[in-house]
Amino acid sequence: MKDFWREYAENRVALLALLVVAAFIGTALAAPWIAPQDPYDLAGLELADARRPPGFVGSGGYAHLLGTDAQGRDLFSAILYGLRISLQMGLVAGAVAMTVGALLGILAAQAGGWVETAIMRVVDLQLSFPAILLALVLVAVLGQGKSQLIIALVAAQYAYFARTAYGAASAERRKDYVEAAAATPLSTFRIVFRHILPNVLPPLIVVGTVQVANAISLEATLSFLGLGLPPTEPSLGMLIANGFQYMMSGRTWISVYPGIALIVLIVAINLVGDQLRDQTNPRLRR
Amino acid sequence: MTAPLLSVRDLRTHFMTRAGVAKAVDGVSFDLAAGEILGLVGESGSGKSVTGFSLLGLVDPPGRIVGGSIRFQGRELVGMPPAALRALRGRHLAMVFQDPQATLNPVLTIGAQMALAVQAHERASDRAALDRAAAVLARVGIPEAARRLSAYPHEFSGGMRQRVAIATALLHGPALIVADEPTTALDVSIQAQILAKMKALAAESGTALIWISHDLATVSSLADRVLVMYAGRIVESGPVGAVLRAPLHPYTRGLLDSLPAMATPGEKLRQIPGAAPSLLALPAGCAFAPRCPRADAACAAPPPEVAQGSRRAACHHPLEAAA
Amino acid sequence: MLGYVIQRLLQSVLVMLAMSALVFAGVHAIGNPIDVLISPDATQDIRDQAIRRLGLDLPLWEQYLAFLGRLLRGDFGTSFVFGMPVLDLILSRLPATLELAIAAVLAGTLIGVPLGIYAGYRPDGVLSRAIMAVSVLGFSVPTFWVGLILILTFAVNLDWLPAGDRGPVVEVFGIGWSFLTLEGLSFIALPALNLSLFKLAMMIRLSRAGTREIMLTDTVKFARAAGLSDLTILRRHVLRLIAIPIVTVFGLELGSTLAFAVVTETIFSWPGVGKLIIDSITSLDRPVMVAYLILVAFLFVTINLVVDLSYALLDPRLRRGGAAA
């Protein structure tokens, strides 16, 4: 474990990315204490403050660091809260998708036979189908809302985890010691927890890291298309969408700052995931 | 005596790995006359293949030639610009690899691959290149060569594939072919055919041959002279008959004893005890000493060169020589 | 080979049947299927009539067969919003999307493959690192954000290219195309670039990984030993060897690009199928959604089929009977 971190830290870019992710998570958690304004408190908004450029000192008597949006919301505060929602959606969807996918993958590998065939056929079919389309359709069918959105994200992403878990679990299953353990009166349950799970977890975590970034990106895209969360709880994607119409008239900050926050977050998570993947990939080790 | 075709002096090819420097080839010297067939023998990891690749300048990173000299047809190959070396490869200096399954491109026809090799050195039309390929294929004994140009490697048997590889090496009538265990991946009956073919072709065209093998028996039926490598160094060299009859180096003796043909029926094959040393941490003295039945305290020092006529060995306690 | 084709064809038909059953089940699960087929503004009389005409009073399995029958006849019903047959509506929007998707995938492949091969050939070079950075960005930055930046840069700040709508089209075979005029090209440039970035990233990764692996094989070493220049090796040997995964991805990506076009079309107001589906979702134009789903599924199944068959053509080992030597 110590070696793992030393090797990780050797890659400066990945280390920086990890710090950025940590900083974002910290900021998101602390948003209610850091943000100068509660963006959900509609009473606190002044229309006179709307669409002001960065640095503008509004009726609140403080400078709007990143300007204000169309409703006169302080953009910096809105971004902090938006980050909270984006991260929340990404992490929850990622965790649920990972659990569902891992269970299905391990089940397929353990059960074999038609269960295996059925599960993996569906998974493979879904993998060839673009995630965004599936999420889009589900959101359209289920309607708007946090839990609906999470269902859509999970449905769009679980297949990646199922594939990964299945691959790792069936490779593990074929190893002698697991076969030997299966011959003893150990329960299947114990075999899975003692032998399979520890070996399935590392690749799942790698996939999970990247999938959290994908979930955040997917959520932002859906929100941008107006199919994500309700406008009362704007995620980063919706902040960007809200600013889109003002872009042509040169008020670019409304979209650009939330966008920068979003892509820095996504790219940082991806870089962390890349490094984890390289470090756990035996083929790249010499 | 005229200058040799190939003259290798103190060649050193090292691999810079994470774990340290692996001295795969560490001070190899030998000469080769035009048309001569030289056997290069050793266990895997002895550096015999790396020596072969070094000659063609085909050592992949993290390996590289760190010292020594390779003079071929009077030109120094070590440090030669890549473009000049490329112009030499395939034209004057060719190579045949161990596994024809891996060397031929599975998605190109035999004709296309050979035509590329022709056109690497000559401005030839596709038609002319294919004609050349067909002619050489016929020479190496592929029936209906012209028709088979449009076939893919998987449509050939292993032996036929290796004939294609040999034909590719022969396209430009090179002065030297380095053959890296070209028969190891083949069936025994096919091995004999290929060996005979190679020998005949080399004699016919005056091509010199360096035949790399772990198998002394194969080399004995083919080569004029043999070099025995151990841990990146040549431990014994000499005419093939003399070396096989009465080896000077205990390692050569061990190799001979482990040959099935040399064993007395009913007796167990005698393996050399122990394993080849790590190239990362070679002992200061004789590298074979830890496995050697004749080793003593003297072997901790670098072994002296023992000469016996045209034979050489690097050993503190050579066999026979004492007698 | 023929047996393989038939087997794959049967599989495809099976998948389509499963998909249609899923969509059918979905339509029934959401609510009364009549809502999907008849505008909510219709009177009770018209509703009853339609229920009988469409056989919605029949048992489920008969309904499913009828649904299948309508699908086979290409009868997807009438759009609530546009008041025209859904199939006609989608087909009228399809060329715009197809043109955009093909432009994007083509650009991504033609630029991405050479860059990826270079990055795989010199994995430690400065240029290779830059190429990989581009691919990381292309992979992780959401499409809509890139589209936004493109509009901001090239349309708003520089004012070089238009960013919205399709502009003039030239009619060929009764279908309008953008790429035939310079002005049309200026309209398709930004959306195509936007859409191609992800493909570019993917093609770079794919060809880099393939090239890296192949450069270490004996095939390349043997070609080098024969005196082939690295350029020839890359062009003739490596390109052919990585062609198989690239063609696969090219095909699959063409399909997913049609799907991703949803985002790009919305941002650039490109009048294609993607914008249509987003509009139908927001306006609850359900017949369009159902038809779109079925058509996309059909598209994906077809593409998978074509890709598998072209595998067989590209890899001579698979061509005869499938028994790889």
# chains A, B, ... in the order shown; residues from 1 in each chain; ligands from 1

$ residues_around --residues "range 75-92 of chain B" --least-positions-apart "3" --cutoff "7 Å" --atoms "only C-alpha atoms" --output "PyMOL selection string"
(chain B and resi 56+69-72+121+169+172-176) or (chain C and resi 225-227+229)

$ write_last_selection --atoms "N, CA and C atoms" --output "PDB file, in the first residue's frame"
ATOM      1  N   LEU B  56      22.602  -6.897 -36.652  1.00  0.00           N
ATOM      2  CA  LEU B  56      21.754  -6.183 -37.604  1.00  0.00           C
ATOM      3  C   LEU B  56      21.300  -4.829 -37.078  1.00  0.00           C
ATOM      4  N   SER B  69      32.994  -3.411 -31.422  1.00  0.00           N
ATOM      5  CA  SER B  69      32.994  -3.084 -32.843  1.00  0.00           C
ATOM      6  C   SER B  69      32.459  -4.256 -33.648  1.00  0.00           C
ATOM      7  N   ILE B  70      31.706  -3.944 -34.699  1.00  0.00           N
ATOM      8  CA  ILE B  70      31.242  -4.953 -35.644  1.00  0.00           C
ATOM      9  C   ILE B  70      31.673  -4.464 -37.024  1.00  0.00           C
ATOM     10  N   ARG B  71      32.658  -5.126 -37.600  1.00  0.00           N
ATOM     11  CA  ARG B  71      33.067  -4.740 -38.955  1.00  0.00           C
ATOM     12  C   ARG B  71      32.509  -5.762 -39.933  1.00  0.00           C
ATOM     13  N   PHE B  72      31.745  -5.255 -40.899  1.00  0.00           N
ATOM     14  CA  PHE B  72      31.113  -6.139 -41.874  1.00  0.00           C
ATOM     15  C   PHE B  72      31.456  -5.616 -43.263  1.00  0.00           C
ATOM     16  N   HIS B 121      14.828  -2.092 -51.330  1.00  0.00           N
ATOM     17  CA  HIS B 121      16.189  -1.819 -51.792  1.00  0.00           C
ATOM     18  C   HIS B 121      16.284  -1.512 -53.274  1.00  0.00           C
ATOM     19  N   ALA B 169      14.712 -13.628 -46.823  1.00  0.00           N
ATOM     20  CA  ALA B 169      16.086 -13.284 -46.466  1.00  0.00           C
ATOM     21  C   ALA B 169      17.023 -13.400 -47.675  1.00  0.00           C
ATOM     22  N   HIS B 172      17.811 -10.648 -51.870  1.00  0.00           N
ATOM     23  CA  HIS B 172      18.840  -9.787 -52.450  1.00  0.00           C
ATOM     24  C   HIS B 172      20.205 -10.452 -52.464  1.00  0.00           C
ATOM     25  N   GLY B 173      20.237 -11.767 -52.250  1.00  0.00           N
ATOM     26  CA  GLY B 173      21.501 -12.487 -52.236  1.00  0.00           C
ATOM     27  C   GLY B 173      22.487 -11.920 -51.248  1.00  0.00           C
ATOM     28  N   PRO B 174      22.149 -11.923 -49.953  1.00  0.00           N
ATOM     29  CA  PRO B 174      23.005 -11.299 -48.943  1.00  0.00           C
ATOM     30  C   PRO B 174      24.304 -12.077 -48.751  1.00  0.00           C
ATOM     31  N   ALA B 175      25.325 -11.400 -48.225  1.00  0.00           N
ATOM     32  CA  ALA B 175      26.595 -12.057 -47.961  1.00  0.00           C
ATOM     33  C   ALA B 175      26.528 -12.850 -46.662  1.00  0.00           C
ATOM     34  N   LEU B 176      25.591 -12.457 -45.775  1.00  0.00           N
ATOM     35  CA  LEU B 176      25.480 -13.125 -44.477  1.00  0.00           C
ATOM     36  C   LEU B 176      24.024 -13.221 -44.057  1.00  0.00           C
TER      37      LEU B 176
ATOM     38  N   ALA C 225      14.415  -6.301 -40.434  1.00  0.00           N
ATOM     39  CA  ALA C 225      15.569  -7.099 -40.827  1.00  0.00           C
ATOM     40  C   ALA C 225      15.660  -7.195 -42.341  1.00  0.00           C
ATOM     41  N   ALA C 226      14.494  -7.086 -43.008  1.00  0.00           N
ATOM     42  CA  ALA C 226      14.498  -7.138 -44.468  1.00  0.00           C
ATOM     43  C   ALA C 226      14.835  -5.777 -45.058  1.00  0.00           C
ATOM     44  N   GLY C 227      15.075  -4.793 -44.205  1.00  0.00           N
ATOM     45  CA  GLY C 227      15.507  -3.490 -44.682  1.00  0.00           C
ATOM     46  C   GLY C 227      14.393  -2.510 -44.967  1.00  0.00           C
ATOM     47  N   SER C 229      11.928   0.499 -44.457  1.00  0.00           N
ATOM     48  CA  SER C 229      12.026   1.709 -43.647  1.00  0.00           C
ATOM     49  C   SER C 229      10.860   1.730 -42.667  1.00  0.00           C
TER      50      SER C 229
END

$ select_by_dssp --residues "range 13-180 of chain C" --states "helix (DSSP H, G or I)" --output "number ranges by chain"
C: 13-30, 34-37, 44-53, 60-72, 86-121, 126-140, 143-157

$ interface_residues --of "chain C" --to "chain A" --cutoff "8 Å" --atoms "only C-alpha atoms" --output "list in words"
Ile30, Val136, Leu137, Ser140, Val141, Pro142, Thr143, Phe144, Trp145, Leu148, Leu152, Val156, Leu252, Ser256, Ala259, Phe260, Val263, Thr266, Ile278, Ile281, Thr282 and Phe300 of chain C

$ residues_around --residues "Ala101 in chain C" --least-positions-apart "3" --cutoff "12 Å" --atoms "only C-alpha atoms" --output "mmCIF file with C-alpha atoms, in the first residue's frame"
data_model
loop_
_atom_site.group_PDB
_atom_site.id
_atom_site.type_symbol
_atom_site.label_atom_id
_atom_site.label_comp_id
_atom_site.auth_asym_id
_atom_site.auth_seq_id
_atom_site.Cartn_x
_atom_site.Cartn_y
_atom_site.Cartn_z
ATOM 1 C CA LEU C 94 -32.102 11.874 -41.300
ATOM 2 C CA PRO C 95 -29.884 13.187 -44.123
ATOM 3 C CA ALA C 96 -28.785 16.170 -42.061
ATOM 4 C CA THR C 97 -27.784 13.934 -39.158
ATOM 5 C CA LEU C 98 -26.139 11.380 -41.406
ATOM 6 C CA ALA C 104 -17.391 13.845 -37.884
ATOM 7 C CA VAL C 105 -16.334 10.194 -37.921
ATOM 8 C CA LEU C 106 -14.407 10.625 -41.137
ATOM 9 C CA ALA C 107 -12.556 13.648 -39.786
ATOM 10 C CA GLY C 108 -11.876 11.898 -36.494
ATOM 11 C CA ILE C 188 -21.216 22.109 -41.069
ATOM 12 C CA ALA C 189 -17.630 22.850 -39.986
ATOM 13 C CA PRO C 191 -20.807 21.046 -35.515
ATOM 14 C CA ALA C 192 -18.752 18.403 -37.309
ATOM 15 C CA LEU C 193 -15.637 19.456 -35.445
ATOM 16 C CA ASN C 194 -17.553 19.362 -32.189
ATOM 17 C CA LEU C 195 -18.880 15.926 -32.860
ATOM 18 C CA SER C 196 -15.566 14.563 -34.115
ATOM 19 C CA LEU C 197 -13.493 15.411 -31.066
ATOM 20 C CA PHE C 198 -14.559 12.323 -29.150
ATOM 21 C CA LYS C 199 -13.956 10.124 -32.190
ATOM 22 C CA PHE C 250 -15.450 3.273 -37.157
ATOM 23 C CA GLY C 251 -18.657 1.354 -37.710
ATOM 24 C CA LEU C 252 -19.732 1.309 -34.108
ATOM 25 C CA GLU C 253 -18.874 4.969 -33.735
ATOM 26 C CA LEU C 254 -20.929 5.888 -36.740
ATOM 27 C CA GLY C 255 -23.858 4.533 -34.783
ATOM 28 C CA SER C 256 -23.015 6.178 -31.504
ATOM 29 C CA THR C 257 -22.259 9.402 -33.337
ATOM 30 C CA LEU C 258 -25.805 9.478 -34.582
ATOM 31 C CA ALA C 259 -26.747 9.287 -30.923
ATOM 32 C CA PHE C 260 -24.210 11.836 -29.723
ATOM 33 C CA ALA C 261 -25.422 14.116 -32.454
ATOM 34 C CA VAL C 262 -28.330 14.752 -30.104
ATOM 35 C CA THR C 264 -24.318 18.727 -30.948
ATOM 36 C CA GLU C 265 -27.483 19.270 -32.955
ATOM 37 C CA TRP C 270 -28.710 21.543 -36.609
ATOM 38 C CA GLY C 272 -31.380 16.643 -37.738
ATOM 39 C CA VAL C 273 -32.933 13.679 -35.984
ATOM 40 C CA GLY C 274 -31.148 14.425 -32.725
#

$ closest_atom_pairs --of "chain B" --to "chain A" --cutoff "10 Å" --atoms "only C-alpha atoms" --output "Markdown table"
| residue | atom | partner | partner_atom | distance |
| --- | --- | --- | --- | --- |
| B:Thr17 | CA | A:Arg286 | CA | 8.2 |
| B:Arg18 | CA | A:Arg286 | CA | 7.5 |
| B:Ala19 | CA | A:Arg286 | CA | 9.2 |

$ write_last_selection --atoms "C-alpha atoms" --output "PDB file, in the first residue's frame"
ATOM      1  CA  THR B  17      16.006  -2.283 -17.036  1.00  0.00           C
ATOM      2  CA  ARG B  18      14.313  -0.910 -13.967  1.00  0.00           C
ATOM      3  CA  ALA B  19      16.035  -3.538 -11.871  1.00  0.00           C
TER       4      ALA B  19
END

$ interface_residues --of "chain C" --to "chain B" --cutoff "10 Å" --atoms "only C-alpha atoms" --output "CSV table (one decimal) with C-alpha atoms, in the first residue's frame"
chain,number,residue,atom,x,y,z
C,215,MET,CA,5.9,-2.4,-33.0
C,216,LEU,CA,7.2,-4.9,-30.5
C,217,THR,CA,6.2,-8.0,-32.5
C,218,ASP,CA,8.5,-10.2,-34.6
C,219,THR,CA,6.5,-9.2,-37.6
C,220,VAL,CA,7.9,-5.7,-37.4
C,221,LYS,CA,11.4,-6.9,-36.4
C,222,PHE,CA,11.4,-9.2,-39.4
C,223,ALA,CA,10.3,-6.4,-41.7
C,224,ARG,CA,13.1,-4.3,-40.3
C,225,ALA,CA,15.6,-7.1,-40.8
C,226,ALA,CA,14.5,-7.1,-44.5
C,227,GLY,CA,15.5,-3.5,-44.7
C,228,LEU,CA,12.1,-1.9,-44.8
C,229,SER,CA,12.0,1.7,-43.6
C,230,ASP,CA,10.0,2.5,-40.6
C,232,THR,CA,6.9,1.7,-45.0
C,233,ILE,CA,6.5,-0.6,-42.0
C,236,ARG,CA,2.0,-1.2,-45.0
C,237,HIS,CA,2.3,-3.6,-42.0
C,238,VAL,CA,1.1,-1.7,-39.0
C,240,ARG,CA,-3.1,-3.2,-42.1
C,241,LEU,CA,-2.8,-4.9,-38.7
C,243,ALA,CA,-7.2,-1.8,-39.5
C,244,ILE,CA,-9.4,-4.4,-38.0
C,314,LEU,CA,-10.3,-7.9,-43.4
C,315,ASP,CA,-9.0,-10.9,-41.5
C,316,PRO,CA,-8.2,-13.6,-44.0
C,317,ARG,CA,-7.9,-16.1,-41.1
C,324,ALA,CA,-8.1,-19.6,-37.3
C,325,ALA,CA,-4.8,-21.4,-37.8

$ residues_around --residues "range 210-214 of chain B" --least-positions-apart "3" --cutoff "6 Å" --atoms "only C-alpha atoms" --output "VMD selection string"
chain B and resid 37 to 43 178 to 181
